[in-house]
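A.B. asks: Quick one: structure below, then a few questions.
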Protein chains: 2
Amino acid sequence: MDELKLRILTDGKNLGGGILKVDGFINHQVDPRLMDACGRELAGRFARVNPSKVLTAEISGIAPALTTAIHLGIPVVYARKTKPITMPDQIFLTLAPSHTKGRTVELIVSPEYLGHGERVLIIDDFLATGQTIMGLVRLAQAAGAKVVGIGAVIEKVFEGGRQLLSSLAVPIEALATITDMSEGRIVFAD
Amino acid sequence: MDELKLRILTDGKNLGGGILKVDGFINHQVDPRLMDACGRELAGRFARVNPSKVLTAEISGIAPALTTAIHLGIPVVYARKTKPITMPDQIFLTLAPSHTKGRTVELIVSPEYLGHGERVLIIDDFLATGQTIMGLVRLAQAAGAKVVGIGAVIEKVFEGGRQLLSSLAVPIEALATITDMSEGRIVFAD
C-alpha cells in the first residue's frame, strides 16, 4: 500500500534494534484517514475468506481492527490484557511474550463473544515475532473458532513472525512489509 | 441517540453497584456499524466548536474517539497508561483515579502530538465520575492546548462527572444519558 509506505518513510523513525516509531500516525496519534484506508484495504484482501469476526489485541491493534471491521461489516473483539469487572469468571486466557514490553502479557477474551463456528480474521498493527498473533490464534482455537486469515498494517519480516504462523496455512497479509532496518535503513519488500 | 439507547436496553446488563455491562457492543466486542454511527453523531454535535484534535484514553475510549475523528477528519491521540519505548523521555503525565479499576492509573501523552494552540475535543466511552476525562483535561492544559468540548457515548449522571467538569465551561455531550441504575433499572434521561 503505497500511501502507507510513503508515510512510514516520511514520518516514521528507525530507532534501532528493530524498533520502528510510527506513533505519529498509527499507535499513539492516529491519522484517521490513513487508518480508514488501511481498514478498507485489509477488508478488501480478506473478503474472499468470508470472516464472521475480527479479533485483535488491545491496545494498538484496536484502530486497524476497527476500521477493517467497519469495512467488512462484522463485529470486532479486542482481547483484554487485564480482566474487567464486567467479564464473567470463566474466560479464555493465554500468555504471550511481548517483545516490546520485555515480559509476558495475558490475552483474555470472554466466551460470550468468541464461539464455535466463528470464522476469525486476526488483525494487528504489527506482525513482528508473531507471538501476540499466535496468542490470539490460541484463544480462537480454544473457543472452537476457525482462524481464516491474519492481517497486519506493518510487517517486519526479519523478526520471523510469518514463518511462525505459516503452519496455520491461512492467508497472511501486510500492507507494508519491511525487510531491513539495519544501520538506520527502512527497506520495503519489492 | 435512540439506536444506542435501544441497544443498551436490549444487550446491556446492569450488574449492580453502578456497573453497566456493554462489552458485547462497546468495549470488548464492538459493533462497528453502531460505533461508526456514534462517531458520526459526536462529530456532528462538535463540528461547531472547530476541534483540531480528538484526545482520548486507552483502552475503551479508542473506538469512539477514532470514529469521531474519522467523521471530523482530524487526528486522534490516545493517552497511554504505560510509556512505550517509542516515546521520548520528556512526556506529559498525569494521575487519574480509576473507579472501575480501584486504583490510580497514569495517563501519558507525548509532547510531539499535543501542543500549544490545539483545539482539543475529548471523547471517551463513559462519562461517570469524570476523573479520567479530568486527567485528559490536565494533559491538554499542560500542553498549552485548549479543551473545546467533551463527548461520551454513555453518561451515568448519578456519578457526578458532568458536575466535576462544569467549571471548564465547554459543551458536554453524551449519546445516552442514564439517570438511574438502582434496583436493576436502566433509566434514560427524558
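Going through the C-alpha cells in order, the chains are called A, B, and so on, while each chain numbers its residues from 1 and the ligands are numbered from 1 in the order shown.
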May I have the residues within 12 Å of Glu106 in chain B as a ChimeraX atom specification, using only C-alpha atoms and disregarding those fewer than 5 positions away in the same chain?

C.D. replies: /B:57-58,79-83,91-98,131-132,135-136,139

A.B. asks: Specify as a VMD selection string all residues of chain B found within 9 Å of chain A, counting only C-alpha atoms.

C.D. replies: chain B and resid 15 19 to 25 27 to 33 35 to 36 55 58 to 59 62 to 63 66 to 67 69 to 71 73 to 80 84 to 87 100 to 101 109 to 110 112 to 113

A.B. asks: In Å, with one decimal, what is the gap from CA of Ile133 in chain A to CA of Lys156 in chain A?

C.D. replies: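 Between CA of Ile133 in chain A and CA of Lys156 in chain A the gap works out to 13.6 Å.
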
A.B. asks: Please provide the set of residues having any atom within 9 Å of Leu164 in chain A, restricted to only C-alpha atoms, with same-chain residues fewer than 3 positions apart removed, written as JSON, numbers by chain.

C.D. replies: {"A": [129, 130, 131, 134, 160, 161, 167, 168]}

A.B. asks: Could you jot down the CA of Ala152 in chain A to CA of Asp11 in chain A separation for me, Å, one decimal place?

C.D. replies: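 If I compute the distance from CA of Ala152 in chain A to CA of Asp11 in chain A, I get 18.8 Å.
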
A.B. asks: Rounded to one decimal in Å, what is the spacing between CA of Val120 in chain B and CA of Ile150 in chain B?

C.D. replies: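 These two atoms are separated by 8.8 Å.
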
A.B. asks: DSSP on the backbone, strand (DSSP E or B) only: what residues of chain B does that give? Format it as a ChimeraX atom specification.

C.D. replies: /B:13-16,19-21,29-30,53-57,76-80,92-98,103-109,119-127,146-156,172-180,187-188

A.B. asks: Go ahead and save the picked residues with C-alpha atoms, as a compact mmCIF listing (two decimals), in the first residue's frame.

C.D. replies:
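Below is the file selection-v8.txt, written as the result:
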```txt
# COMPACT_ATOMS: atom_id res chain seq x y z
CA LYS B 13 -26.72 -5.52 31.66
CA ASN B 14 -27.00 -3.68 34.95
CA LEU B 15 -24.56 -5.63 37.13
CA GLY B 16 -25.34 -3.58 40.25
CA ILE B 19 -21.67 -1.12 36.73
CA LEU B 20 -23.15 -1.28 33.22
CA LYS B 21 -22.03 -4.22 31.11
CA GLN B 29 -16.72 -6.73 21.32
CA VAL B 30 -17.51 -3.64 19.25
CA LYS B 53 -7.60 17.09 17.54
CA VAL B 54 -9.51 14.34 19.36
CA LEU B 55 -8.00 13.17 22.65
CA THR B 56 -8.97 10.00 24.50
CA ALA B 57 -7.53 7.45 26.91
CA VAL B 76 -6.87 11.39 17.32
CA VAL B 77 -4.39 10.88 20.16
CA TYR B 78 -4.92 8.20 22.76
CA ALA B 79 -3.20 8.74 26.07
CA ARG B 80 -1.19 5.68 27.06
CA PHE B 92 3.11 14.83 29.73
CA LEU B 93 1.91 12.58 32.56
CA THR B 94 -0.95 12.86 34.98
CA LEU B 95 -2.54 10.53 37.51
CA ALA B 96 -6.22 9.69 37.45
CA PRO B 97 -8.09 7.57 39.98
CA SER B 98 -9.89 4.74 38.18
CA ARG B 103 -6.54 2.26 41.74
CA THR B 104 -4.77 5.23 40.22
CA VAL B 105 -3.65 4.99 36.62
CA GLU B 106 -1.12 7.07 34.70
CA LEU B 107 -2.19 8.93 31.57
CA ILE B 108 0.72 9.75 29.28
CA VAL B 109 0.85 11.83 26.10
CA ARG B 119 -8.33 22.80 19.99
CA VAL B 120 -8.94 19.54 21.79
CA LEU B 121 -12.15 17.52 21.76
CA ILE B 122 -12.08 14.87 24.50
CA ILE B 123 -14.02 11.68 23.70
CA ASP B 124 -14.48 8.62 25.93
CA ASP B 125 -16.81 5.65 26.10
CA PHE B 126 -18.14 6.58 29.54
CA LEU B 127 -18.66 9.81 31.43
CA LYS B 146 -7.47 24.42 24.70
CA VAL B 147 -10.23 21.94 25.53
CA VAL B 148 -13.24 22.87 23.38
CA GLY B 149 -15.63 20.02 24.10
CA ILE B 150 -16.20 16.75 25.92
CA GLY B 151 -18.18 13.86 24.47
CA ALA B 152 -19.08 10.42 25.77
CA VAL B 153 -21.02 7.52 24.36
CA ILE B 154 -22.75 6.80 27.69
CA GLU B 155 -23.15 9.08 30.71
CA LYS B 156 -24.05 7.92 34.20
CA ILE B 172 -20.50 18.31 27.21
CA GLU B 173 -22.44 15.79 25.14
CA ALA B 174 -23.46 12.19 25.80
CA LEU B 175 -25.28 9.96 23.34
CA ALA B 176 -27.12 8.02 26.06
CA THR B 177 -27.65 9.57 29.48
CA ILE B 178 -28.54 7.21 32.29
CA THR B 179 -30.14 8.78 35.36
CA ASP B 180 -30.86 5.73 37.47
CA VAL B 187 -33.39 4.65 33.17
CA PHE B 188 -32.52 7.21 30.50
```
